[in-house]
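Enquirer: Structure file query.txt (compact mmCIF, C-alpha atoms) right here:
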# COMPACT_ATOMS: atom_id res chain seq x y z
CA MET N 720 6.73 33.84 -35.47
CA ASN N 721 8.13 34.47 -32.05
CA LYS N 722 4.77 35.74 -30.89
CA PHE N 723 3.09 32.43 -31.61
CA LEU N 724 5.98 30.26 -30.60
CA TRP N 725 5.96 31.11 -26.89
CA PRO N 726 2.40 30.06 -26.11
CA LEU N 727 3.08 26.89 -28.07
CA VAL N 728 6.21 26.20 -26.04
CA GLY N 729 4.25 26.80 -22.85
CA PHE N 730 1.49 24.49 -23.99
CA LEU N 731 3.92 21.75 -24.94
CA ALA N 732 5.62 22.04 -21.55
CA LEU N 733 2.23 21.58 -19.88
CA VAL N 734 1.47 18.57 -22.06
CA GLY N 735 4.89 17.21 -21.15
CA PHE N 736 4.15 17.46 -17.43
CA LEU N 737 0.78 15.79 -17.81
CA ALA N 738 2.23 13.00 -19.93
CA ALA N 739 4.98 12.46 -17.38
CA GLY N 740 2.37 12.24 -14.64
CA LEU N 741 0.56 9.54 -16.59
CA VAL N 742 3.47 7.55 -17.92
CA ILE N 743 6.26 7.72 -15.39
CA LYS N 744 5.93 5.20 -12.60
CA GLY N 745 8.09 7.29 -10.33
CA ASN N 746 7.07 6.83 -6.76
CA ARG N 747 3.93 4.94 -7.55
CA GLY N 748 3.56 1.33 -6.55
CA GLU N 749 2.54 -1.48 -8.83
CA GLY N 750 -1.12 -0.68 -8.49
CA GLY N 751 -0.27 2.87 -9.44
CA GLY N 752 -2.52 4.21 -6.70
CA GLN N 753 -0.30 4.81 -3.75
CA GLU N 754 2.65 7.01 -3.35
CA ILE N 755 5.54 4.90 -2.15
CA LEU N 756 7.18 6.65 0.72
CA PRO N 757 10.90 6.79 0.97
CA SER N 758 11.95 5.48 4.35
CA GLN N 759 12.67 8.10 6.94
CA PHE N 760 15.32 5.76 8.25
CA LEU N 761 17.44 5.39 5.16
CA ASP N 762 21.09 5.48 6.22
CA LYS N 763 19.99 5.77 9.84
CA PRO N 764 20.29 3.18 12.58
CA ALA N 765 17.48 0.65 12.51
CA PRO N 766 15.03 1.47 15.32
CA ALA N 767 15.52 -0.81 18.28
CA PHE N 768 12.86 -3.22 19.47
CA VAL N 769 12.61 -6.25 21.69
CA LEU N 770 10.01 -8.66 20.41
CA PRO N 771 9.03 -12.21 21.34
CA LEU N 772 9.72 -15.01 18.89
CA LEU N 773 6.65 -16.25 17.08
CA HIS N 774 7.21 -19.86 18.04
CA GLU N 775 8.75 -19.32 21.47
CA PRO N 776 7.14 -16.29 23.10
CA GLY N 777 9.45 -16.75 26.08
CA LYS N 778 12.46 -15.76 23.99
CA THR N 779 13.06 -12.37 22.48
CA PHE N 780 14.96 -10.92 19.55
CA THR N 781 16.42 -7.48 19.09
CA PRO N 782 18.12 -6.03 15.97
CA ALA N 783 21.34 -5.66 17.94
CA ASP N 784 21.59 -9.48 17.85
CA MET N 785 22.45 -9.20 14.16
CA LYS N 786 25.41 -6.89 14.60
CA GLY N 787 28.22 -7.75 12.19
CA LYS N 788 25.83 -9.25 9.64
CA VAL N 789 24.14 -7.91 6.55
CA TRP N 790 20.51 -8.96 6.90
CA LEU N 791 16.97 -8.46 5.71
CA LEU N 792 14.09 -7.45 7.91
CA ASN N 793 10.77 -8.43 6.37
CA PHE N 794 7.42 -7.21 7.72
CA TRP N 795 4.51 -9.46 6.86
CA GLY N 796 1.21 -10.80 8.07
CA SER N 797 -1.02 -13.73 7.28
CA TRP N 798 -3.78 -11.21 6.46
CA CYS N 799 -1.79 -9.77 3.58
CA PRO N 800 -2.35 -11.19 0.07
CA ALA N 801 0.79 -9.58 -1.36
CA CYS N 802 2.81 -11.42 1.29
CA LYS N 803 1.50 -14.66 -0.14
CA ASP N 804 2.85 -13.69 -3.56
CA GLU N 805 6.14 -12.78 -2.02
CA HIS N 806 6.55 -15.80 0.20
CA PRO N 807 7.85 -18.38 -2.31
CA VAL N 808 10.38 -15.83 -3.54
CA LEU N 809 11.69 -15.39 -0.02
CA VAL N 810 11.77 -19.15 0.55
CA GLU N 811 13.81 -19.55 -2.61
CA PHE N 812 16.11 -16.67 -1.68
CA ALA N 813 16.63 -18.05 1.82
CA LYS N 814 17.70 -21.37 0.33
CA GLN N 815 20.61 -19.62 -1.37
CA GLY N 816 21.80 -18.56 2.07
CA VAL N 817 23.01 -15.15 0.92
CA VAL N 818 21.79 -13.20 3.93
CA PRO N 819 19.65 -14.11 6.93
CA ILE N 820 16.07 -12.92 6.74
CA VAL N 821 14.30 -11.89 9.92
CA GLY N 822 10.54 -11.89 9.68
CA VAL N 823 8.24 -9.64 11.68
CA ASP N 824 4.72 -10.99 11.74
CA PHE N 825 2.44 -8.14 12.70
CA THR N 826 -1.17 -7.11 12.76
CA LEU N 827 -2.72 -3.72 13.32
CA GLU N 828 -6.20 -5.02 13.82
CA LYS N 829 -7.44 -4.68 17.36
CA GLY N 830 -7.94 -7.92 19.18
CA ALA N 831 -6.58 -10.00 16.32
CA GLU N 832 -3.28 -10.80 17.99
CA ASP N 833 -3.96 -14.37 19.06
CA THR N 834 -5.55 -15.29 15.75
CA GLU N 835 -2.66 -13.78 13.84
CA ARG N 836 -0.08 -15.65 15.87
CA GLU N 837 -1.78 -18.96 15.15
CA ARG N 838 -2.38 -18.18 11.49
CA ALA N 839 1.22 -17.13 11.03
CA LYS N 840 2.45 -20.42 12.45
CA ILE N 841 0.19 -22.38 10.12
CA TRP N 842 1.33 -20.18 7.22
CA LEU N 843 5.00 -20.95 7.85
CA GLU N 844 4.28 -24.62 8.30
CA LYS N 845 2.34 -24.84 5.05
CA LEU N 846 4.30 -22.48 2.81
CA GLY N 847 7.79 -22.99 4.17
CA ASN N 848 9.81 -20.85 6.52
CA PRO N 849 12.41 -18.56 4.94
CA TYR N 850 13.16 -16.78 8.19
CA ALA N 851 16.24 -17.26 10.31
CA VAL N 852 14.18 -15.71 13.10
CA THR N 853 10.49 -14.84 13.17
CA VAL N 854 9.29 -12.37 15.73
CA PHE N 855 5.75 -11.39 16.56
CA ASP N 856 4.66 -7.76 16.75
CA GLY N 857 1.11 -8.30 17.86
CA ARG N 858 0.01 -4.70 18.12
CA GLY N 859 2.17 -3.49 15.27
CA LYS N 860 3.91 -0.98 17.47
CA SER N 861 7.44 -1.83 16.39
CA SER N 862 6.26 -1.99 12.81
CA ILE N 863 4.96 1.55 13.16
CA ASP N 864 8.34 2.50 14.63
CA TYR N 865 9.84 1.39 11.32
CA GLY N 866 7.39 3.55 9.41
CA VAL N 867 5.71 0.48 7.99
CA TYR N 868 2.37 1.40 6.45
CA GLY N 869 1.44 -1.83 4.76
CA ALA N 870 2.80 -5.24 4.08
CA PRO N 871 5.07 -6.57 2.92
CA GLU N 872 7.91 -4.17 3.50
CA THR N 873 11.55 -5.16 3.51
CA PHE N 874 14.58 -3.43 4.94
CA LEU N 875 18.20 -4.18 4.16
CA ILE N 876 20.38 -3.55 7.20
CA ASP N 877 24.16 -3.42 7.19
CA LYS N 878 26.78 -4.77 9.58
CA ASN N 879 26.53 -1.71 11.79
CA GLY N 880 22.79 -1.89 12.11
CA VAL N 881 22.15 0.92 9.64
CA ILE N 882 19.19 0.71 7.25
CA ARG N 883 20.52 0.82 3.70
CA LEU N 884 17.51 0.04 1.58
CA LYS N 885 13.77 -0.26 1.84
CA HIS N 886 11.47 -2.08 -0.50
CA VAL N 887 7.73 -1.51 -0.27
CA GLY N 888 5.59 -4.28 -1.71
CA PRO N 889 6.41 -7.87 -2.56
CA VAL N 890 10.01 -8.81 -3.21
CA SER N 891 10.16 -10.39 -6.66
CA PRO N 892 13.07 -12.23 -8.31
CA GLU N 893 13.59 -9.04 -10.31
CA VAL N 894 13.77 -6.93 -7.15
CA ILE N 895 16.32 -9.35 -5.72
CA ALA N 896 18.43 -9.28 -8.87
CA THR N 897 18.35 -5.56 -9.54
CA LYS N 898 17.89 -4.00 -6.12
CA LEU N 899 18.84 -6.29 -3.27
CA MET N 900 21.77 -8.27 -4.62
CA PRO N 901 23.87 -5.31 -5.81
CA ALA N 902 23.37 -3.62 -2.45
CA ILE N 903 24.10 -6.81 -0.51
CA ARG N 904 27.29 -7.37 -2.50
CA GLU N 905 28.37 -3.83 -1.80
CA LEU N 906 27.63 -4.07 1.92
CA SER N 907 29.19 -7.51 2.36
CA LYS N 908 32.59 -6.29 1.21
CA MET H 324 -32.65 -9.38 37.05
CA SER H 325 -31.36 -11.91 39.52
CA PRO H 326 -30.97 -15.55 38.53
CA ARG H 327 -33.56 -16.49 41.14
CA ASN H 328 -36.31 -14.64 39.29
CA LEU H 329 -35.64 -16.68 36.19
CA ASN H 330 -35.97 -19.97 37.99
CA LEU H 331 -39.41 -19.54 39.56
CA GLY H 332 -38.90 -22.78 41.48
CA LEU H 333 -39.24 -24.89 38.34
CA ARG H 334 -36.53 -26.84 36.63
CA PRO H 335 -36.40 -25.21 33.16
CA SER H 336 -36.62 -27.46 30.13
CA PRO H 337 -33.75 -27.33 27.58
CA ALA H 338 -36.05 -25.55 25.16
CA ALA H 339 -36.85 -22.92 27.75
CA LEU H 340 -33.18 -22.52 28.48
CA LEU H 341 -32.47 -22.06 24.80
CA ARG H 342 -35.23 -19.48 24.53
CA ALA H 343 -33.86 -17.65 27.50
CA ALA H 344 -30.38 -17.73 26.06
CA CYS H 345 -31.62 -16.38 22.72
CA LEU H 346 -33.56 -13.66 24.48
CA ALA H 347 -30.57 -12.74 26.57
CA ALA H 348 -28.36 -12.67 23.50
CA ALA H 349 -30.89 -10.55 21.61
CA LEU H 350 -31.05 -8.13 24.51
CA VAL H 351 -27.36 -7.92 25.14
CA LEU H 352 -25.92 -8.13 21.63
CA PRO H 353 -26.94 -4.67 20.40
CA PHE H 354 -25.43 -3.16 23.51
CA ALA H 355 -22.25 -5.17 23.09
CA VAL H 356 -21.89 -3.98 19.52
CA GLN H 357 -22.71 -0.43 20.43
CA ALA H 358 -20.42 -0.41 23.42
CA LYS H 359 -17.53 -1.51 21.26
CA GLU H 360 -17.92 1.38 18.86
CA ALA H 361 -18.75 4.03 21.37
CA ALA H 362 -16.18 3.10 23.98
CA PRO H 363 -13.35 5.35 22.78
CA LEU H 364 -15.63 8.37 22.60
CA ALA H 365 -17.11 7.82 26.01
CA ASP H 366 -13.66 7.12 27.35
CA ASP H 367 -12.62 10.71 27.54
CA PRO H 368 -14.24 13.31 25.30
CA VAL H 369 -11.37 15.75 25.82
CA VAL H 370 -8.78 13.26 24.64
CA GLU H 371 -11.03 12.29 21.76
CA GLN H 372 -11.49 15.88 20.67
CA ARG H 373 -7.78 16.57 20.73
CA MET H 374 -7.08 13.32 18.91
CA ILE H 375 -9.50 14.30 16.15
CA ALA H 376 -8.04 17.80 15.94
CA ILE H 377 -4.55 16.40 15.56
CA SER H 378 -5.41 13.61 13.16
CA GLU H 379 -7.46 15.83 10.87
CA ASP H 380 -4.25 17.48 9.72
CA LEU H 381 -2.52 14.15 9.16
CA ARG H 382 -2.68 11.93 6.14
CA CYS H 383 -3.71 8.32 6.34
CA LEU H 384 -0.89 6.43 4.67
CA VAL H 385 -3.07 3.63 3.40
CA CYS H 386 -5.80 5.66 1.72
CA GLN H 387 -3.66 8.61 0.94
CA ASN H 388 -6.41 11.05 0.14
CA GLU H 389 -8.04 10.58 3.50
CA SER H 390 -7.13 12.18 6.76
CA LEU H 391 -6.06 10.06 9.66
CA ALA H 392 -9.19 11.20 11.46
CA GLY H 393 -11.55 9.97 8.77
CA SER H 394 -9.93 6.76 7.61
CA HIS H 395 -11.16 3.29 8.45
CA ALA H 396 -7.86 1.64 7.55
CA GLU H 397 -6.42 -0.51 10.31
CA LEU H 398 -3.22 1.49 10.25
CA ALA H 399 -5.21 4.67 10.81
CA GLU H 400 -7.02 3.06 13.71
CA ALA H 401 -3.76 1.92 15.24
CA LEU H 402 -2.25 5.36 14.80
CA ARG H 403 -5.30 7.02 16.33
CA ASP H 404 -4.89 4.73 19.34
CA GLU H 405 -1.26 5.73 19.52
CA ILE H 406 -2.24 9.41 19.42
CA ARG H 407 -4.80 8.84 22.21
CA GLU H 408 -2.16 7.13 24.28
CA GLN H 409 0.30 9.93 23.78
CA ILE H 410 -2.31 12.55 24.65
CA ARG H 411 -3.00 10.71 27.89
CA ALA H 412 0.74 10.57 28.50
CA GLY H 413 0.70 14.37 28.39
CA LYS H 414 2.48 14.88 25.08
CA SER H 415 1.95 18.14 23.21
CA ASP H 416 0.34 18.29 19.78
CA LYS H 417 3.71 19.14 18.30
CA GLU H 418 5.40 16.16 19.95
CA ILE H 419 2.70 13.87 18.62
CA SER H 420 2.89 15.06 15.04
CA ASP H 421 6.68 14.91 15.28
CA TYR H 422 6.38 11.29 16.33
CA LEU H 423 4.56 10.56 13.09
CA VAL H 424 6.81 12.72 10.93
CA ASP H 425 9.84 10.87 12.34
CA ARG H 426 8.36 7.64 11.06
CA TYR H 427 6.54 8.60 7.90
CA GLY H 428 8.10 11.89 6.84
CA ASP H 429 6.50 15.21 5.96
CA PHE H 430 4.17 13.29 3.68
CA VAL H 431 1.86 12.65 6.66
CA LEU H 432 1.34 16.36 7.13
CA TYR H 433 -1.42 17.98 5.12
CA ARG H 434 0.27 21.32 5.83
CA PRO H 435 3.88 20.80 4.85
CA PRO H 436 6.40 22.77 6.93
CA LEU H 437 8.40 25.61 5.40
CA LYS H 438 11.96 24.43 4.88
CA ALA H 439 14.61 24.28 2.19
CA ALA H 440 13.05 21.30 0.44
CA THR H 441 9.57 22.81 0.39
CA VAL H 442 10.42 26.38 -0.62
CA LEU H 443 9.41 25.66 -4.20
CA LEU H 444 6.15 24.17 -3.02
CA TRP H 445 5.29 27.19 -0.95
CA PHE H 446 6.56 29.97 -3.18
CA GLY H 447 6.53 28.32 -6.60
CA PRO H 448 3.01 29.52 -7.43
CA LEU H 449 3.85 33.04 -6.25
CA ALA H 450 7.00 33.01 -8.39
CA LEU H 451 4.93 31.89 -11.37
CA VAL H 452 2.47 34.73 -10.82
CA LEU H 453 5.35 37.22 -10.62
CA VAL H 454 6.90 35.87 -13.81
CA GLY H 455 3.52 36.12 -15.50
CA LEU H 456 2.99 39.67 -14.31
CA GLY H 457 6.48 40.63 -15.46
CA ALA H 458 5.83 39.17 -18.89
CA LEU H 459 2.49 40.94 -19.09
CA VAL H 460 4.02 44.32 -18.19
CA ARG H 461 6.78 43.84 -20.74
CA ILE H 462 4.38 42.90 -23.49
CA LEU H 463 2.06 45.80 -22.72
CA ARG H 464 4.94 48.26 -22.71
CA ARG H 465 6.29 46.97 -25.97
CA ARG H 466 2.86 47.07 -27.53
CA GLY H 467 2.52 50.69 -26.38
CA ARG H 468 5.76 51.56 -28.11
CA GLU H 469 4.88 49.58 -31.20
CA VAL H 470 1.77 51.64 -32.07
CA PRO H 471 2.84 53.40 -35.24
CA PRO H 472 2.38 57.14 -35.40
CA ALA H 473 -0.74 57.90 -37.36
CA ASP H 474 -0.10 58.84 -40.92
CA LEU H 475 -2.56 61.60 -41.64
CA SER H 476 -2.98 63.64 -44.68
CA ALA H 477 -3.17 67.40 -44.21
CA ALA H 478 -6.95 67.34 -44.65
CA GLU H 479 -7.41 64.56 -42.12
CA ALA H 480 -5.11 66.30 -39.69
CA SER H 481 -7.05 69.51 -39.82
CA GLN H 482 -10.31 67.56 -39.47
CA ALA H 483 -8.92 65.79 -36.44
CA ASP H 484 -7.75 69.05 -34.95
CA ALA H 485 -11.16 70.51 -35.46
CA LEU H 486 -12.79 67.54 -33.76
CA LEU H 487 -10.41 67.77 -30.88
CA ALA H 488 -10.85 71.48 -30.56
CA SER H 489 -14.60 70.97 -30.36
CA LEU H 490 -14.12 69.00 -27.18
CA ASP H 491 -14.15 71.06 -24.06
CA ARG H 492 -11.84 69.03 -21.99
CA PRO H 493 -8.09 69.20 -22.36
CA VAL H 494 -6.64 66.51 -24.56
CA PRO H 495 -3.90 64.25 -23.27
CA PRO H 496 -0.88 64.81 -25.46
CA GLU H 497 -0.35 61.14 -26.17
CA SER H 498 -3.69 60.44 -27.75
CA SER H 499 -3.61 63.58 -29.90
CA ASN H 500 -1.94 61.83 -32.79
CA LYS H 501 -3.87 58.59 -32.64
CA PRO H 502 -6.72 57.81 -34.96
CA ALA H 503 -9.99 56.82 -33.39
CA PRO H 504 -10.24 53.04 -33.35
Can the structure from this file be put into structure tokens for me?
Expert:
Amino acid sequence: MNKFLWPLVGFLALVGFLAAGLVIKGNRGEGGGQEILPSQFLDKPAPAFVLPLLHEPGKTFTPADMKGKVWLLNFWGSWCPACKDEHPVLVEFAKQGVVPIVGVDFTLEKGAEDTERERAKIWLEKLGNPYAVTVFDGRGKSSIDYGVYGAPETFLIDKNGVIRLKHVGPVSPEVIATKLMPAIRELSK
Amino acid sequence: MSPRNLNLGLRPSPAALLRAACLAAALVLPFAVQAKEAAPLADDPVVEQRMIAISEDLRCLVCQNESLAGSHAELAEALRDEIREQIRAGKSDKEISDYLVDRYGDFVLYRPPLKAATVLLWFGPLALVLVGLGALVRILRRRGREVPPADLSAAEASQADALLASLDRPVPPESSNKPAP
């Protein structure tokens, strides 16, 4: 009996691994294709940047301006379809006034900066503006500093400027209820 | 071609102007397109070569089965530009890949570094092979012990002895009591 049992156990273990690979969502995104990377900055100070405001390029914003507040940093672009899905959720969430949301409009495409700036303005005008501040990262350099590799990506930053949570992909009401709100409540204490 | 040559002392009609413009566009456009694609290469072949060498070992984060060198994703393009810039700034290969690891983690490296978290990755297969070998040795040994001593009748024994004696070479003691398979 024993003789035949071991290969069977081994085989079942293999089947188990394969099934887990198929079934478990794990680190896979909604499309199931991409590995979702954990942020390298989790529980580390949010990287500094100084970026111009989207609407007033003469003025700048830096994360240090938000010291003492729990806030969301949302990376988006008008070129990103998932951001369009996310947008109404953010608008609704902003209305509740729980935490300020800072938007970073960025593009990685060469030479698309001016177009993106204009499109982003139209976007906010048409779809509503959930952002307390919107900055413009035309060449995506600051976005890369945050390890952003797509859009949208959202960071939750605490009162001391430390990144506490990262969400890759659109923020949905479910994400707000199960992921963001518990963390915000904890950090706002 | 100088503008004067185009004029030839005549005032060109709008149609002629249009033709000239189209011709000029047709002549210039292919070069414009080409120049755009070739510019980085022509820029500095040394930088380009180093950039490719570095980015071949890095993963593109958008199409995760592609290297940074081979990907057409905008992020990959932006990161390649960043690598070029850092090469020109005199950074070492290590500094450049560290820059990316700082932002995206070891996941960007196609050759993960050896550290506590990756020990299993590096030595797991070896450990499995060792476990397998160990199991094999144990099973073989046990099987060796399990072979029952041959139960021969007196006649068979003497026949076997005769057969063995007819062989010239010395007989290993172990096999002397085994029946032929």
Enquirer: Would you list the contacts of Ile863 (chain N) as a ChimeraX atom specification, taking every protein, DNA or RNA residue within 12 Å and counting only C-alpha atoms, but skipping same-chain residues closer than 2 positions in sequence?
Expert: /N:758-759,766-768,794,823,825-827,856-861,865-870,872 /H:384,397-399,401-402,405,422-427
Enquirer: Tell me, in Å to one decimal, how far CA of Arg836 (chain N) is from CA of Gly822 (chain N).
Expert: 12.9 Å
Enquirer: Find the residue from H:Lys414, H:Arg434, H:Arg342, H:Arg403 that sits nearest to chain N; use all atoms listed in the file when measuring.
Expert: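 Of the candidates, the smallest distance to chain N is held by H:Arg403.
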Enquirer: Identify which of the residues N:Val810, N:Ala831, N:Leu773, N:Val789 lies closest to chain H, counting all atoms listed in the file when measuring atom-to-atom distances.
Expert: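 Ranking N:Val810, N:Ala831, N:Leu773, N:Val789 by distance to chain H, first place goes to N:Ala831.
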Enquirer: Given the point (11.0, 1.8, 0.6) in the coordinates of this file, which residues lie within 6 Å, counting only C-alpha atoms, and how would they look as a PDB file with C-alpha atoms, in the frame of the given file?
Expert:
ATOM      1  CA  PRO N 757      10.900   6.790   0.970  1.00  0.00           C
ATOM      2  CA  SER N 758      11.950   5.480   4.350  1.00  0.00           C
ATOM      3  CA  LYS N 885      13.770  -0.260   1.840  1.00  0.00           C
ATOM      4  CA  HIS N 886      11.470  -2.080  -0.500  1.00  0.00           C
ATOM      5  CA  VAL N 887       7.730  -1.510  -0.270  1.00  0.00           C
TER       6      VAL N 887
END
Enquirer: Might you pull out every residue within 12 Å of Glu837 (chain N), with all atoms listed in the file counted and same-chain residues fewer than 2 positions away left off, and present them as a list in words?
Expert: Leu773, His774, Gly796, Ser797, Trp798, Asp824, Phe825, Ala831, Glu832, Asp833, Thr834, Glu835, Ala839, Lys840, Ile841, Trp842, Leu843, Glu844, Phe855 and Gly857 of chain N
Enquirer: Work out how far apart CA of Glu805 (chain N) and CA of Val890 (chain N) are and give it in Å to one decimal.
Expert: 5.7 Å
Enquirer: One decimal, Å: what's the distance from CA of Lys845 (chain N) over to CA of Ala801 (chain N), could you say?
Expert: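 Calculated distance between CA of Lys845 (chain N) and CA of Ala801 (chain N) is 16.6 Å.
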Enquirer: I want to know what sits within 10 Å of Glu811 (chain N), based on only C-alpha atoms, with residues of the same chain fewer than 3 positions away left out; could you give that as a PyMOL selection string?
Expert: chain N and resi 806-808+814-816+847+849+892
Enquirer: Write the residues of the preceding selection, restricted to C-alpha atoms, as a JSON list (two decimals), in the frame of the given file.
Expert:
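And here's part.json as it stands now:
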[["chain", "number", "residue", "atom", "x", "y", "z"],
["N", 806, "HIS", "CA", 6.55, -15.80, 0.20],
["N", 807, "PRO", "CA", 7.85, -18.38, -2.31],
["N", 808, "VAL", "CA", 10.38, -15.83, -3.54],
["N", 814, "LYS", "CA", 17.70, -21.37, 0.33],
["N", 815, "GLN", "CA", 20.61, -19.62, -1.37],
["N", 816, "GLY", "CA", 21.80, -18.56, 2.07],
["N", 847, "GLY", "CA", 7.79, -22.99, 4.17],
["N", 849, "PRO", "CA", 12.41, -18.56, 4.94],
["N", 892, "PRO", "CA", 13.07, -12.23, -8.31]]
Enquirer: So, with only C-alpha atoms as the atoms that count, which of N:Val742, N:Leu756, N:Leu737, N:Val817 lies closest to chain H?
Expert: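 The closest residue to chain H is N:Leu756.
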Enquirer: Using all atoms listed in the file, find the one residue out of N:Pro901, N:Lys788, N:Ser891, N:Trp725 that sits nearest to Phe812 (chain N).
Expert: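 Checking each of N:Pro901, N:Lys788, N:Ser891, N:Trp725 against Phe812 (chain N), counting all atoms listed in the file, the winner is N:Ser891.
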Enquirer: Between H:Leu486, H:Ala412, H:Cys383, H:Ala477, which one has atoms that come closest to chain N, using all atoms listed in the file?
Expert: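 Among the listed residues, the smallest separation from chain N belongs to H:Cys383.
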Enquirer: From the set H:Gly455, H:Gly413, H:Gly447, H:Gly428, which residue has the shortest atom-to-atom contact distance to chain N, counting all atoms listed in the file?
Expert: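 Checking each candidate against chain N, we get H:Gly428 as the closest.
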Enquirer: So that I can check the surroundings of Pro819 (chain N), please list as a PyMOL selection string every protein, DNA and RNA residue that reaches within 9 Å of it, counting all atoms listed in the file and ignoring chain neighbours fewer than 4 positions away.
Expert: chain N and resi 788-792+813+849-852
Enquirer: Only N, CA and C atoms, as a PDB file, in the first residue's frame: that is what I want for region 394-407 of chain H.
Expert:
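As written to disk, out-v9.pdb reads:
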ATOM      1  N   SER H 394      11.050  45.749 -25.554  1.00  0.00           N
ATOM      2  CA  SER H 394       9.642  46.114 -25.443  1.00  0.00           C
ATOM      3  C   SER H 394       9.329  47.445 -26.121  1.00  0.00           C
ATOM      4  N   HIS H 395       8.130  47.504 -26.703  1.00  0.00           N
ATOM      5  CA  HIS H 395       7.692  48.750 -27.317  1.00  0.00           C
ATOM      6  C   HIS H 395       6.770  49.544 -26.407  1.00  0.00           C
ATOM      7  N   ALA H 396       6.562  49.066 -25.187  1.00  0.00           N
ATOM      8  CA  ALA H 396       5.685  49.790 -24.267  1.00  0.00           C
ATOM      9  C   ALA H 396       6.282  51.166 -23.977  1.00  0.00           C
ATOM     10  N   GLU H 397       5.387  52.116 -23.766  1.00  0.00           N
ATOM     11  CA  GLU H 397       5.865  53.488 -23.509  1.00  0.00           C
ATOM     12  C   GLU H 397       6.721  53.551 -22.251  1.00  0.00           C
ATOM     13  N   LEU H 398       6.330  52.757 -21.262  1.00  0.00           N
ATOM     14  CA  LEU H 398       7.130  52.758 -20.026  1.00  0.00           C
ATOM     15  C   LEU H 398       8.551  52.276 -20.331  1.00  0.00           C
ATOM     16  N   ALA H 399       8.652  51.250 -21.167  1.00  0.00           N
ATOM     17  CA  ALA H 399       9.976  50.725 -21.507  1.00  0.00           C
ATOM     18  C   ALA H 399      10.786  51.784 -22.242  1.00  0.00           C
ATOM     19  N   GLU H 400      10.116  52.504 -23.133  1.00  0.00           N
ATOM     20  CA  GLU H 400      10.809  53.559 -23.858  1.00  0.00           C
ATOM     21  C   GLU H 400      11.307  54.636 -22.904  1.00  0.00           C
ATOM     22  N   ALA H 401      10.428  55.017 -21.982  1.00  0.00           N
ATOM     23  CA  ALA H 401      10.809  56.051 -21.016  1.00  0.00           C
ATOM     24  C   ALA H 401      11.973  55.572 -20.151  1.00  0.00           C
ATOM     25  N   LEU H 402      11.912  54.295 -19.767  1.00  0.00           N
ATOM     26  CA  LEU H 402      12.987  53.773 -18.917  1.00  0.00           C
ATOM     27  C   LEU H 402      14.295  53.645 -19.697  1.00  0.00           C
ATOM     28  N   ARG H 403      14.184  53.301 -20.978  1.00  0.00           N
ATOM     29  CA  ARG H 403      15.408  53.248 -21.784  1.00  0.00           C
ATOM     30  C   ARG H 403      16.031  54.631 -21.891  1.00  0.00           C
ATOM     31  N   ASP H 404      15.188  55.646 -22.056  1.00  0.00           N
ATOM     32  CA  ASP H 404      15.701  57.020 -22.090  1.00  0.00           C
ATOM     33  C   ASP H 404      16.410  57.362 -20.789  1.00  0.00           C
ATOM     34  N   GLU H 405      15.779  56.926 -19.695  1.00  0.00           N
ATOM     35  CA  GLU H 405      16.363  57.197 -18.377  1.00  0.00           C
ATOM     36  C   GLU H 405      17.735  56.513 -18.272  1.00  0.00           C
ATOM     37  N   ILE H 406      17.811  55.278 -18.766  1.00  0.00           N
ATOM     38  CA  ILE H 406      19.085  54.549 -18.713  1.00  0.00           C
ATOM     39  C   ILE H 406      20.134  55.280 -19.555  1.00  0.00           C
ATOM     40  N   ARG H 407      19.728  55.721 -20.760  1.00  0.00           N
ATOM     41  CA  ARG H 407      20.663  56.482 -21.611  1.00  0.00           C
ATOM     42  C   ARG H 407      21.186  57.704 -20.869  1.00  0.00           C
TER      43      ARG H 407
END
